[in-house]
$ cat run-v6.csv   # CSV, C-alpha atoms (C1' of nucleotides)
chain,number,residue,atom,x,y,z
S,1,MET,CA,-9.4,-4.9,-2.2
S,2,SER,CA,-8.2,-5.8,-5.7
S,3,LEU,CA,-6.3,-9.0,-5.2
S,4,PRO,CA,-9.2,-11.2,-6.3
S,5,HIS,CA,-9.5,-9.1,-9.4
S,6,ALA,CA,-5.8,-9.5,-10.1
S,7,ILE,CA,-6.2,-13.2,-9.8
S,8,LEU,CA,-9.3,-13.3,-12.0
S,9,THR,CA,-7.5,-11.3,-14.7
S,10,ALA,CA,-4.5,-13.6,-14.6
S,11,LEU,CA,-6.7,-16.7,-14.8
S,12,LEU,CA,-8.7,-15.3,-17.7
S,13,GLU,CA,-5.5,-14.7,-19.6
S,14,LYS,CA,-4.4,-18.2,-18.8
S,15,PRO,CA,-5.8,-20.9,-16.4
S,16,SER,CA,-3.2,-21.8,-13.9
S,17,SER,CA,-2.3,-23.5,-10.7
S,18,GLY,CA,-1.5,-21.6,-7.5
S,19,LEU,CA,2.2,-22.0,-8.1
S,20,GLU,CA,2.0,-20.9,-11.7
S,21,LEU,CA,0.1,-17.9,-10.6
S,22,THR,CA,2.8,-17.1,-8.0
S,23,ARG,CA,5.4,-17.3,-10.7
S,24,ARG,CA,3.4,-15.0,-13.0
S,25,PHE,CA,2.9,-12.5,-10.1
S,26,ASP,CA,6.6,-12.5,-9.6
S,27,LYS,CA,7.2,-11.7,-13.3
S,28,SER,CA,4.9,-10.0,-15.7
S,29,ILE,CA,1.9,-9.3,-13.4
S,30,GLY,CA,4.3,-8.0,-10.8
S,31,TYR,CA,4.7,-4.7,-12.5
S,32,PHE,CA,1.2,-3.6,-11.6
S,33,TRP,CA,0.3,-6.0,-8.8
S,34,SER,CA,2.4,-8.0,-6.4
S,35,ALA,CA,1.2,-10.9,-4.2
S,36,THR,CA,2.8,-13.8,-2.3
S,37,HIS,CA,1.9,-17.4,-2.6
S,38,GLN,CA,0.1,-17.4,0.7
S,39,GLN,CA,-2.2,-14.6,-0.4
S,40,ILE,CA,-2.8,-16.4,-3.6
S,41,TYR,CA,-3.8,-19.7,-2.2
S,42,ARG,CA,-6.0,-18.1,0.4
S,43,GLU,CA,-7.8,-16.0,-2.2
S,44,LEU,CA,-8.1,-19.0,-4.6
S,45,GLY,CA,-10.0,-20.8,-1.9
S,46,LYS,CA,-12.3,-17.8,-1.3
S,47,LEU,CA,-13.0,-17.4,-5.1
S,48,GLU,CA,-13.7,-21.1,-5.5
S,49,GLN,CA,-16.2,-21.0,-2.5
S,50,ALA,CA,-17.8,-17.9,-4.0
S,51,GLY,CA,-18.4,-19.8,-7.3
S,52,GLN,CA,-16.3,-17.4,-9.3
S,53,ILE,CA,-13.6,-20.0,-10.3
S,54,ARG,CA,-13.4,-23.8,-10.3
S,55,ALA,CA,-10.6,-26.4,-10.2
S,56,LEU,CA,-10.3,-28.2,-13.5
S,57,PRO,CA,-11.7,-31.7,-13.1
S,58,ALA,CA,-8.5,-33.4,-14.3
S,59,ALA,CA,-6.3,-33.4,-11.1
S,60,GLN,CA,-8.2,-33.9,-7.8
S,61,PRO,CA,-7.6,-32.3,-4.4
S,62,THR,CA,-5.1,-34.0,-2.3
S,63,ARG,CA,-2.5,-31.8,-0.7
S,64,GLY,CA,0.7,-31.3,-2.7
S,65,GLN,CA,-1.0,-32.1,-6.0
S,66,LYS,CA,-1.3,-29.6,-8.7
S,67,LYS,CA,-4.7,-28.0,-9.1
S,68,GLU,CA,-5.5,-25.9,-12.1
S,69,TYR,CA,-8.2,-23.2,-11.9
S,70,GLU,CA,-10.4,-21.5,-14.5
S,71,VAL,CA,-12.8,-18.6,-14.3
S,72,LEU,CA,-16.5,-19.2,-14.2
S,73,PRO,CA,-19.1,-16.8,-15.7
S,74,ALA,CA,-19.8,-15.4,-12.3
S,75,GLY,CA,-16.1,-14.5,-11.9
S,76,ARG,CA,-16.0,-12.8,-15.3
S,77,ALA,CA,-19.1,-10.8,-14.5
S,78,GLU,CA,-17.6,-9.7,-11.1
S,79,LEU,CA,-14.4,-8.6,-12.9
S,80,ALA,CA,-16.3,-6.7,-15.5
S,81,ALA,CA,-18.3,-4.9,-12.8
S,82,TRP,CA,-15.2,-4.0,-10.9
S,83,VAL,CA,-13.5,-2.6,-14.1
S,84,ALA,CA,-16.5,-0.3,-14.6
S,85,ARG,CA,-16.7,0.8,-11.0
S,86,PRO,CA,-15.0,4.2,-10.3
S,87,GLU,CA,-12.3,4.3,-7.7
S,88,ASP,CA,-10.1,7.1,-6.6
S,89,PRO,CA,-6.4,7.0,-6.7
S,90,ARG,CA,-4.8,5.8,-3.5
S,91,PRO,CA,-3.1,8.4,-1.3
S,92,VAL,CA,0.7,8.2,-1.5
S,93,ARG,CA,2.5,6.3,1.2
S,94,ASP,CA,6.2,6.1,0.4
S,95,PRO,CA,8.8,5.2,3.0
S,96,LEU,CA,11.7,6.7,1.1
S,97,LEU,CA,10.2,10.1,0.8
S,98,LEU,CA,9.3,9.9,4.5
S,99,ARG,CA,12.8,8.9,5.4
S,100,LEU,CA,14.2,11.9,3.5
S,101,ARG,CA,11.8,14.2,5.4
S,102,ALA,CA,12.8,12.5,8.7
S,103,ALA,CA,16.5,13.0,7.8
S,104,GLY,CA,15.7,16.7,7.8
S,105,VAL,CA,15.1,16.6,11.5
S,106,VAL,CA,17.4,13.9,12.8
S,107,GLY,CA,20.2,14.0,10.3
S,108,GLY,CA,20.8,11.6,7.4
S,109,THR,CA,23.9,9.5,8.0
S,110,GLY,CA,24.4,7.0,5.2
S,111,LEU,CA,21.5,8.4,3.3
S,112,ARG,CA,23.5,8.9,0.2
S,113,GLU,CA,24.4,5.2,0.0
S,114,GLU,CA,20.8,4.3,0.4
S,115,LEU,CA,19.7,6.6,-2.4
S,116,GLU,CA,22.3,5.2,-4.6
S,117,ARG,CA,21.3,1.7,-3.9
S,118,HIS,CA,17.7,2.5,-4.7
S,119,LEU,CA,18.8,4.3,-7.9
S,120,ALA,CA,20.6,1.1,-9.0
S,121,LEU,CA,17.5,-1.0,-8.3
S,122,HIS,CA,15.2,1.2,-10.2
S,123,ARG,CA,17.6,1.4,-13.1
S,124,ARG,CA,17.8,-2.3,-13.3
S,125,GLN,CA,14.0,-2.7,-13.2
S,126,LEU,CA,13.7,0.0,-15.9
S,127,GLU,CA,16.1,-2.0,-18.1
S,128,GLN,CA,14.1,-5.1,-17.7
S,129,TYR,CA,10.8,-3.4,-18.6
S,130,ARG,CA,12.5,-1.9,-21.7
S,131,GLU,CA,13.6,-5.4,-22.8
S,132,ILE,CA,10.1,-6.7,-22.4
S,133,GLU,CA,8.8,-3.8,-24.4
S,134,GLU,CA,11.2,-4.4,-27.3
S,135,ARG,CA,10.5,-8.1,-27.3
S,136,ASP,CA,6.7,-8.1,-26.9
S,137,PHE,CA,5.5,-4.8,-28.1
S,138,ALA,CA,7.3,-4.0,-31.3
S,139,PRO,CA,5.1,-1.6,-33.3
S,140,GLU,CA,4.1,-4.1,-36.0
S,141,ARG,CA,3.2,-6.8,-33.4
S,142,THR,CA,0.7,-4.7,-31.4
S,143,VAL,CA,-2.5,-5.3,-33.3
S,144,THR,CA,-5.4,-6.1,-31.0
S,145,GLU,CA,-7.0,-3.7,-28.5
S,146,GLN,CA,-5.8,-6.1,-25.8
S,147,ASP,CA,-2.2,-5.7,-27.0
S,148,ALA,CA,-2.6,-1.9,-26.9
S,149,LEU,CA,-3.9,-2.0,-23.3
S,150,ARG,CA,-1.2,-4.3,-22.1
S,151,HIS,CA,1.3,-2.1,-23.7
S,152,MET,CA,0.0,1.0,-21.9
S,153,VAL,CA,0.2,-0.9,-18.6
S,154,LEU,CA,3.8,-1.7,-19.3
S,155,ARG,CA,4.4,1.9,-20.3
S,156,GLY,CA,3.0,2.8,-16.8
S,157,GLY,CA,5.7,0.6,-15.2
S,158,ILE,CA,8.4,2.1,-17.5
S,159,GLU,CA,7.4,5.7,-16.8
S,160,LEU,CA,7.1,5.0,-13.1
S,161,GLU,CA,10.6,3.6,-12.9
S,162,SER,CA,11.8,6.6,-15.0
S,163,PHE,CA,10.3,8.9,-12.5
S,164,TRP,CA,12.2,7.2,-9.7
S,165,THR,CA,15.6,7.3,-11.5
S,166,LYS,CA,15.1,10.9,-12.5
S,167,TRP,CA,14.1,12.0,-9.0
S,168,LEU,CA,16.8,10.0,-7.3
S,169,THR,CA,19.4,11.5,-9.6
S,170,GLU,CA,18.2,15.0,-8.9
S,171,THR,CA,18.1,14.4,-5.2
S,172,LEU,CA,21.6,13.0,-5.1
S,173,ALA,CA,22.8,16.0,-7.0
S,174,ALA,CA,21.1,18.4,-4.5
S,175,LEU,CA,22.4,16.5,-1.5
S,176,PRO,CA,25.4,18.1,0.2
S,177,ALA,CA,28.7,16.2,-0.3
S,178,THR,CA,28.7,13.7,2.6
S,179,PRO,CA,25.9,14.4,5.1
B,180,MET,CA,5.7,-0.3,9.2
B,181,SER,CA,6.5,3.4,9.0
B,182,LEU,CA,3.5,5.1,10.5
B,183,PRO,CA,5.2,5.6,13.9
B,184,HIS,CA,8.1,7.2,12.1
B,185,ALA,CA,5.9,9.5,10.2
B,186,ILE,CA,4.3,10.6,13.5
B,187,LEU,CA,7.7,11.1,15.2
B,188,THR,CA,8.9,13.2,12.3
B,189,ALA,CA,5.8,15.3,12.4
B,190,LEU,CA,6.0,15.8,16.1
B,191,LEU,CA,9.7,16.7,15.9
B,192,GLU,CA,8.8,19.4,13.3
B,193,LYS,CA,6.1,20.7,15.7
B,194,PRO,CA,4.5,19.2,18.8
B,195,SER,CA,0.8,18.7,18.2
B,196,SER,CA,-2.4,17.1,19.4
B,197,GLY,CA,-4.0,14.1,17.6
B,198,LEU,CA,-6.4,16.3,15.7
B,199,GLU,CA,-3.7,18.7,14.6
B,200,LEU,CA,-1.6,15.8,13.4
B,201,THR,CA,-4.6,14.5,11.5
B,202,ARG,CA,-4.9,17.9,9.8
B,203,ARG,CA,-1.2,18.0,9.0
B,204,PHE,CA,-1.5,14.4,7.5
B,205,ASP,CA,-4.3,15.6,5.3
B,206,LYS,CA,-2.2,18.5,4.0
B,207,SER,CA,1.6,18.8,3.8
B,208,ILE,CA,2.5,15.4,5.2
B,209,GLY,CA,0.0,13.8,3.0
B,210,TYR,CA,2.1,14.1,-0.1
B,211,PHE,CA,4.5,11.4,1.2
B,212,TRP,CA,2.4,9.6,3.9
B,213,SER,CA,-1.3,9.4,4.5
B,214,ALA,CA,-3.0,8.3,7.7
B,215,THR,CA,-6.5,8.5,9.2
B,216,HIS,CA,-7.3,9.9,12.7
B,217,GLN,CA,-8.0,6.4,14.0
B,218,GLN,CA,-4.6,5.2,13.0
B,219,ILE,CA,-3.0,8.3,14.5
B,220,TYR,CA,-4.7,8.0,17.9
B,221,ARG,CA,-3.9,4.3,18.2
B,222,GLU,CA,-0.3,4.9,17.3
B,223,LEU,CA,0.1,7.9,19.7
B,224,GLY,CA,-1.0,5.5,22.4
B,225,LYS,CA,1.6,2.9,21.5
B,226,LEU,CA,4.3,5.5,21.2
B,227,GLU,CA,3.5,7.0,24.6
B,228,GLN,CA,3.5,3.5,26.2
B,229,ALA,CA,6.8,2.8,24.6
B,230,GLY,CA,8.3,5.9,26.1
B,231,GLN,CA,9.1,7.6,22.8
B,232,ILE,CA,6.7,10.5,23.2
B,233,ARG,CA,4.8,12.1,26.1
B,234,ALA,CA,1.8,14.3,26.6
B,235,LEU,CA,2.7,17.8,27.5
B,236,PRO,CA,1.9,18.4,31.2
B,237,ALA,CA,-0.4,21.4,30.6
B,238,ALA,CA,-3.7,19.7,29.6
B,239,GLN,CA,-4.5,16.4,31.3
B,240,PRO,CA,-6.2,13.3,30.1
B,241,THR,CA,-9.9,13.4,30.1
B,242,ARG,CA,-11.7,12.3,27.0
B,243,GLY,CA,-12.6,15.0,24.6
B,244,GLN,CA,-9.9,17.4,25.9
B,245,LYS,CA,-6.9,18.4,23.8
B,246,LYS,CA,-3.7,16.6,24.4
B,247,GLU,CA,-0.4,17.8,23.0
B,248,TYR,CA,2.5,15.4,22.5
B,249,GLU,CA,6.2,15.9,22.2
B,250,VAL,CA,9.0,13.5,21.2
B,251,LEU,CA,11.3,12.1,23.9
B,252,PRO,CA,15.0,11.3,23.4
B,253,ALA,CA,14.2,7.6,22.9
B,254,GLY,CA,11.8,8.5,20.1
B,255,ARG,CA,14.4,10.7,18.4
B,256,ALA,CA,16.9,7.8,18.7
B,257,GLU,CA,14.4,5.3,17.2
B,258,LEU,CA,13.7,7.7,14.3
B,259,ALA,CA,17.4,8.2,13.6
B,260,ALA,CA,18.0,4.5,13.6
B,261,TRP,CA,15.1,3.9,11.2
B,262,VAL,CA,16.4,6.6,8.8
B,263,ALA,CA,19.8,4.8,8.7
B,264,ARG,CA,18.3,1.4,8.2
B,265,PRO,CA,18.3,0.2,4.5
B,266,GLU,CA,14.9,-0.8,3.2
B,267,ASP,CA,14.0,-1.9,-0.3
B,268,PRO,CA,11.4,-0.1,-2.4
B,269,ARG,CA,8.0,-1.6,-2.1
B,270,PRO,CA,6.6,-3.7,-5.0
B,271,VAL,CA,4.1,-1.8,-7.1
B,272,ARG,CA,0.4,-2.4,-6.4
B,273,ASP,CA,-1.7,-0.1,-8.4
B,274,PRO,CA,-5.5,-0.7,-9.0
B,275,LEU,CA,-5.7,1.5,-12.0
B,276,LEU,CA,-3.0,-0.3,-13.9
B,277,LEU,CA,-4.6,-3.5,-12.9
B,278,ARG,CA,-8.0,-2.3,-14.2
B,279,LEU,CA,-6.5,-1.5,-17.5
B,280,ARG,CA,-5.1,-4.9,-17.8
B,281,ALA,CA,-8.4,-6.4,-16.8
B,282,ALA,CA,-10.2,-4.3,-19.4
B,283,GLY,CA,-8.0,-6.1,-21.9
B,284,VAL,CA,-9.8,-9.4,-21.1
B,285,VAL,CA,-13.4,-8.4,-20.2
B,286,GLY,CA,-13.7,-5.1,-22.1
B,287,GLY,CA,-13.6,-1.6,-20.8
B,288,THR,CA,-16.9,0.1,-20.9
B,289,GLY,CA,-16.7,3.6,-19.4
B,290,LEU,CA,-13.0,3.3,-18.9
B,291,ARG,CA,-12.3,6.5,-20.8
B,292,GLU,CA,-14.4,8.5,-18.4
B,293,GLU,CA,-12.6,7.0,-15.5
B,294,LEU,CA,-9.2,7.8,-17.0
B,295,GLU,CA,-10.3,11.3,-17.6
B,296,ARG,CA,-11.5,11.7,-14.1
B,297,HIS,CA,-8.2,10.5,-12.7
B,298,LEU,CA,-6.3,12.8,-15.0
B,299,ALA,CA,-8.3,15.8,-13.7
B,300,LEU,CA,-7.6,14.7,-10.1
B,301,HIS,CA,-3.8,14.4,-10.7
B,302,ARG,CA,-3.7,17.7,-12.6
B,303,ARG,CA,-5.3,19.4,-9.7
B,304,GLN,CA,-3.0,17.8,-7.2
B,305,LEU,CA,0.0,18.8,-9.3
B,306,GLU,CA,-1.2,22.4,-9.4
B,307,GLN,CA,-1.5,22.5,-5.6
B,308,TYR,CA,2.1,21.1,-5.2
B,309,ARG,CA,3.4,23.7,-7.7
B,310,GLU,CA,1.8,26.5,-5.6
B,311,ILE,CA,3.3,25.1,-2.4
B,312,GLU,CA,6.7,25.0,-4.2
B,313,GLU,CA,6.5,28.6,-5.4
B,314,ARG,CA,5.3,29.8,-2.0
B,315,ASP,CA,7.6,27.9,0.3
B,316,PHE,CA,10.7,27.0,-1.8
B,317,ALA,CA,11.6,30.1,-3.8
B,318,PRO,CA,15.4,29.8,-4.6
B,319,GLU,CA,16.5,32.5,-2.2
B,320,ARG,CA,14.5,31.1,0.7
B,321,THR,CA,15.9,27.6,0.6
B,322,VAL,CA,18.9,27.9,2.8
B,323,THR,CA,19.3,25.2,5.4
B,324,GLU,CA,19.9,21.5,4.6
B,325,GLN,CA,16.5,20.8,6.1
B,326,ASP,CA,14.9,23.1,3.5
B,327,ALA,CA,16.7,21.4,0.7
B,328,LEU,CA,15.5,17.9,1.9
B,329,ARG,CA,12.0,19.1,2.3
B,330,HIS,CA,12.1,20.6,-1.1
B,331,MET,CA,13.3,17.3,-2.7
B,332,VAL,CA,10.5,15.5,-1.0
B,333,LEU,CA,8.0,17.9,-2.5
B,334,ARG,CA,9.7,17.5,-5.8
B,335,GLY,CA,9.0,13.8,-5.4
B,336,GLY,CA,5.3,14.5,-5.1
B,337,ILE,CA,5.4,16.9,-8.1
B,338,GLU,CA,7.2,14.5,-10.4
B,339,LEU,CA,5.0,11.6,-9.3
B,340,GLU,CA,1.9,13.6,-10.2
B,341,SER,CA,3.6,14.6,-13.5
B,342,PHE,CA,4.2,11.0,-14.2
B,343,TRP,CA,0.5,10.2,-13.8
B,344,THR,CA,-0.7,13.1,-15.9
B,345,LYS,CA,1.7,12.2,-18.7
B,346,TRP,CA,0.9,8.5,-18.6
B,347,LEU,CA,-2.9,9.1,-18.5
B,348,THR,CA,-2.7,11.6,-21.4
B,349,GLU,CA,-0.7,9.1,-23.5
B,350,THR,CA,-3.1,6.2,-22.6
B,351,LEU,CA,-6.2,8.3,-23.5
B,352,ALA,CA,-4.6,9.1,-26.8
B,353,ALA,CA,-3.8,5.4,-27.5
B,354,LEU,CA,-7.3,4.3,-26.5
B,355,PRO,CA,-9.7,3.6,-29.4
B,356,ALA,CA,-12.5,6.1,-29.8
B,357,THR,CA,-15.3,4.8,-27.6
B,358,PRO,CA,-14.6,1.4,-26.2
O,359,DT,C1',-30.4,24.7,27.0
O,360,DT,C1',-29.8,22.4,23.1
O,361,DA,C1',-27.6,21.7,18.7
O,362,DA,C1',-23.3,21.9,16.1
O,363,DG,C1',-18.9,20.8,15.8
O,364,DC,C1',-14.4,20.0,18.2
O,365,DA,C1',-11.6,16.3,20.0
O,366,DT,C1',-10.5,11.7,21.4
O,367,DG,C1',-11.2,7.3,21.3
O,368,DT,C1',-13.2,1.7,20.6
O,369,DA,C1',-14.6,-2.2,17.9
O,370,DA,C1',-14.9,-5.0,14.0
O,371,DT,C1',-13.3,-6.2,9.8
O,372,DG,C1',-10.3,-6.9,6.1
O,373,DA,C1',-5.8,-7.0,3.7
O,374,DG,C1',-0.9,-8.1,3.8
O,375,DT,C1',3.3,-10.4,5.9
O,376,DT,C1',6.1,-13.8,8.2
O,377,DA,C1',6.9,-18.2,9.7
O,378,DC,C1',6.0,-22.7,9.5
O,379,DA,C1',3.8,-27.4,8.1
O,380,DT,C1',2.8,-31.2,4.9
O,381,DG,C1',2.3,-34.2,1.0
O,382,DA,C1',4.0,-35.5,-3.9
O,383,DT,C1',7.6,-36.2,-7.3
O,384,DT,C1',12.0,-36.9,-9.1
O,385,DA,C1',17.1,-37.2,-9.5
O,386,DG,C1',21.0,-39.4,-7.6
H,387,DC,C1',15.7,-45.0,-0.4
H,388,DT,C1',16.7,-40.5,0.6
H,389,DA,C1',17.4,-35.7,-0.3
H,390,DA,C1',16.0,-31.9,-2.9
H,391,DT,C1',12.4,-29.4,-4.7
H,392,DC,C1',7.8,-28.9,-6.3
H,393,DA,C1',3.2,-27.7,-4.7
H,394,DT,C1',-0.3,-26.6,-1.5
H,395,DG,C1',-1.6,-25.1,2.4
H,396,DT,C1',-2.3,-23.1,8.1
H,397,DA,C1',-1.5,-20.0,11.9
H,398,DA,C1',-0.3,-15.9,14.0
H,399,DC,C1',0.5,-11.3,13.6
H,400,DT,C1',0.6,-6.6,12.0
H,401,DC,C1',-1.3,-2.8,9.5
H,402,DA,C1',-5.2,-0.3,7.4
H,403,DT,C1',-10.2,0.8,6.9
H,404,DT,C1',-14.9,1.6,8.2
H,405,DA,C1',-18.3,2.5,11.4
H,406,DC,C1',-19.5,3.9,15.6
H,407,DA,C1',-19.2,6.0,20.6
H,408,DT,C1',-18.2,9.5,24.0
H,409,DG,C1',-17.2,13.8,26.2
H,410,DC,C1',-16.1,18.8,25.9
H,411,DT,C1',-17.1,23.7,24.1
H,412,DT,C1',-19.6,27.3,22.2
H,413,DA,C1',-22.9,30.0,19.9
H,414,DA,C1',-28.0,30.5,18.7

$ encode --input "run-v6.csv" --output "structure tokens"
Amino acid sequence: MSLPHAILTALLEKPSSGLELTRRFDKSIGYFWSATHQQIYRELGKLEQAGQIRALPAAQPTRGQKKEYEVLPAGRAELAAWVARPEDPRPVRDPLLLRLRAAGVVGGTGLREELERHLALHRRQLEQYREIEERDFAPERTVTEQDALRHMVLRGGIELESFWTKWLTETLAALPATP
Amino acid sequence: MSLPHAILTALLEKPSSGLELTRRFDKSIGYFWSATHQQIYRELGKLEQAGQIRALPAAQPTRGQKKEYEVLPAGRAELAAWVARPEDPRPVRDPLLLRLRAAGVVGGTGLREELERHLALHRRQLEQYREIEERDFAPERTVTEQDALRHMVLRGGIELESFWTKWLTETLAALPATP
DNA sequence: TTAAGCATGTAATGAGTTACATGATTAG
DNA sequence: CTAATCATGTAACTCATTACATGCTTAA
């Protein structure tokens, strides 16, 4: 769906090997798109076949040897076309909300602990995003339009985590003592 | 992953046929879990085979004839076990955030219109949730624990839509005039 | 009696996850 | 020279989406 476009974006920001991409998807890219290394290698193969990216000539293809990719004009064109294409927001599909609703009909033993665990996870994530924001997006350092866009994407991550911590806090407060 | 549990929850709240379930997934259930009718029929078949649900004896199985399902004890047990099982939050995978980041490298023609379109969609959804909240969860009407849980799930939907409208508004404000 | 739409389903494809396999490089 | 780890990949499976097929019911 959008994995190839995530990879094209990442490679345009900086040509990389499969493993480097994996690392970047675990870190900065991960706050708007996640992917495993298996997905990434598979997709790199497809994109190369489609003529949208190519391996840099330097290191050549034996297994186990690093292979750097860069985006070709066709890849850039495809990405630009995708950015311009309207696409509706995905319907929600959240297991935790579902579990809460299920707890309403079968009882929620241990649910409080689980909510607290999630709260801790989201708080930690929020902290990390805030650190990135302070480090990389101080007011005087955000100059180009690209900076502004990347900042707004990070704001998305921050506000999404804020939503979760807020909702989890309220829900814990509304939950009866030890259900 | 959680589709069978969504169906079990829905059927416990009210025994239904495949089409009725589809309707319910389009409406109230949709704010925490979405599913198409094809998914639902396939999963109903699996759940019946696994002995977790059964078709009510009344109407019998010819194609095109309504078939009502109810949950069996094994199904209720499976759902209770799933509710108690810890499960980490899913990593984020949002196409709109990705598109914004991509716009940073290939330019974002028409992006403003798309953001405004999404903003309108999320605002409308938020309105609908607020109406449901006023109608079904007035303070004096929320009495049982199940009511409280269902209300918190709806609050999740409301706050999630609030997040989107807030973030989209901020992003539109931060976006240069006509990129 | 035929067309509309209600209701259930199949098939094909694509996207994502889990488990495993294999070669290259480097530190001890 | 061998174990750890870096790096790239395959295979099998599950879940989701899209398109299509089939039978029943009812109202013009």

$ residues_around --input "run-v6.csv" --residues "region 350-356 of chain B" --least-positions-apart "2" --cutoff "7 Å" --atoms "all atoms listed in the file" --output "ChimeraX atom specification"
/S:152 /B:291,346-348,358

$ residues_near_point --input "run-v6.csv" --point "(-0.9, -9.0, 0.3)" --cutoff "8 Å" --atoms "all atoms listed in the file" --output "PyMOL selection string"
(chain S and resi 3+34-36+39) or (chain O and resi 373-375)

$ residues_near_point --input "run-v6.csv" --point "(-10.0, -26.2, -8.4)" --cutoff "6 Å" --atoms "all atoms listed in the file" --output "ChimeraX atom specification"
/S:54-56,67-69

$ residues_around --input "run-v6.csv" --residues "His330 (chain B)" --least-positions-apart "3" --cutoff "8 Å" --atoms "all atoms listed in the file" --output "list in words"
Glu312, Phe316, Asp326, Ala327, Leu333 and Arg334 of chain B

$ interface_residues --input "run-v6.csv" --of "chain S" --to "chain B" --cutoff "8 Å" --atoms "all atoms listed in the file" --output "JSON, numbers by chain"
{"S": [2, 5, 6, 9, 12, 13, 30, 31, 32, 33, 34, 76, 79, 80, 83, 84, 86, 88, 89, 91, 92, 93, 94, 95, 96, 97, 98, 99, 100, 101, 102, 103, 104, 105, 106, 107, 108, 109, 110, 111, 114, 118, 145, 146, 147, 148, 149, 150, 152, 153, 155, 156, 159, 160, 163, 167, 171, 174, 175, 176]}

$ closest_atom_pairs --input "run-v6.csv" --of "chain S" --to "chain H" --cutoff "12 Å" --atoms "only C-alpha atoms (C1' of nucleotides)" --output "CSV"
residue,atom,partner,partner_atom,distance
S:Met1,CA,H:DT403,C1',10.8
S:Ser17,CA,H:DA393,C1',9.2
S:Gly18,CA,H:DT394,C1',7.9
S:Leu19,CA,H:DA393,C1',6.7
S:Glu20,CA,H:DA393,C1',9.8
S:Leu21,CA,H:DA393,C1',11.9
S:Thr22,CA,H:DA393,C1',11.1
S:His37,CA,H:DT394,C1',9.5
S:Gln38,CA,H:DG395,C1',8.1
S:Gln39,CA,H:DG395,C1',10.9
S:Ile40,CA,H:DG395,C1',10.6
S:Tyr41,CA,H:DG395,C1',7.4
S:Arg42,CA,H:DG395,C1',8.5
S:Glu43,CA,H:DG395,C1',11.9
S:Leu44,CA,H:DT394,C1',11.3
S:Gly45,CA,H:DG395,C1',10.4
S:Pro61,CA,H:DT394,C1',9.7
S:Thr62,CA,H:DT394,C1',8.9
S:Arg63,CA,H:DT394,C1',5.7
S:Gly64,CA,H:DA393,C1',4.8
S:Gln65,CA,H:DA393,C1',6.2
S:Lys66,CA,H:DA393,C1',6.3
S:Lys67,CA,H:DT394,C1',8.9
S:Glu68,CA,H:DA393,C1',11.6
S:Arg93,CA,H:DA402,C1',11.9

$ atom_distance --input "run-v6.csv" --atom1 "CA of Val71 (chain S)" --atom2 "CA of Ser16 (chain S)"
10.1 Å

$ atom_distance --input "run-v6.csv" --atom1 "CA of Glu78 (chain S)" --atom2 "CA of Thr344 (chain B)"
28.8 Å

$ interface_residues --input "run-v6.csv" --of "chain O" --to "chain S" --cutoff "12 Å" --atoms "only C-alpha atoms (C1' of nucleotides)" --output "list in words"
DG372, DA373, DG374, DT375, DT376, DA377, DC378, DA379, DT380, DG381, DA382 and DT383 of chain O

$ write_last_selection --input "run-v6.csv" --atoms "C-alpha atoms (C1' of nucleotides)" --output "short mmCIF file (atom, residue, chain, number, x, y, z; two decimals), keeping the file's coordinate frame"
data_model
loop_
_atom_site.label_atom_id
_atom_site.label_comp_id
_atom_site.auth_asym_id
_atom_site.auth_seq_id
_atom_site.Cartn_x
_atom_site.Cartn_y
_atom_site.Cartn_z
"C1'" DG O 372 -10.30 -6.90 6.10
"C1'" DA O 373 -5.80 -7.00 3.70
"C1'" DG O 374 -0.90 -8.10 3.80
"C1'" DT O 375 3.30 -10.40 5.90
"C1'" DT O 376 6.10 -13.80 8.20
"C1'" DA O 377 6.90 -18.20 9.70
"C1'" DC O 378 6.00 -22.70 9.50
"C1'" DA O 379 3.80 -27.40 8.10
"C1'" DT O 380 2.80 -31.20 4.90
"C1'" DG O 381 2.30 -34.20 1.00
"C1'" DA O 382 4.00 -35.50 -3.90
"C1'" DT O 383 7.60 -36.20 -7.30
#

$ atom_distance --input "run-v6.csv" --atom1 "CA of Arg24 (chain S)" --atom2 "CA of Leu72 (chain S)"
20.4 Å

$ decode --input "run-v6.csv" --residues "region 361-381 of chain O" --atoms "C-alpha atoms (C1' of nucleotides)" --output "compact mmCIF listing (two decimals), in the first residue's frame"
# COMPACT_ATOMS: atom_id res chain seq x y z
C1' DA O 361 -36.04 -6.34 -11.77
C1' DA O 362 -34.28 -4.57 -7.42
C1' DG O 363 -32.14 -5.44 -3.45
C1' DC O 364 -31.39 -8.64 0.46
C1' DA O 365 -28.22 -12.14 2.13
C1' DT O 366 -24.46 -15.26 1.90
C1' DG O 367 -20.61 -16.68 0.02
C1' DT O 368 -15.84 -17.78 -3.31
C1' DA O 369 -11.55 -16.53 -5.61
C1' DA O 370 -7.61 -13.97 -6.37
C1' DT O 371 -4.49 -10.89 -4.88
C1' DG O 372 -1.76 -8.18 -1.91
C1' DA O 373 0.23 -6.77 2.52
C1' DG O 374 2.31 -8.07 6.88
C1' DT O 375 4.41 -11.47 10.26
C1' DT O 376 7.22 -15.27 11.88
C1' DA O 377 10.70 -18.45 11.39
C1' DC O 378 14.55 -19.76 9.29
C1' DA O 379 18.87 -19.83 6.03
C1' DT O 380 23.27 -18.23 4.31
C1' DG O 381 27.37 -15.61 3.28
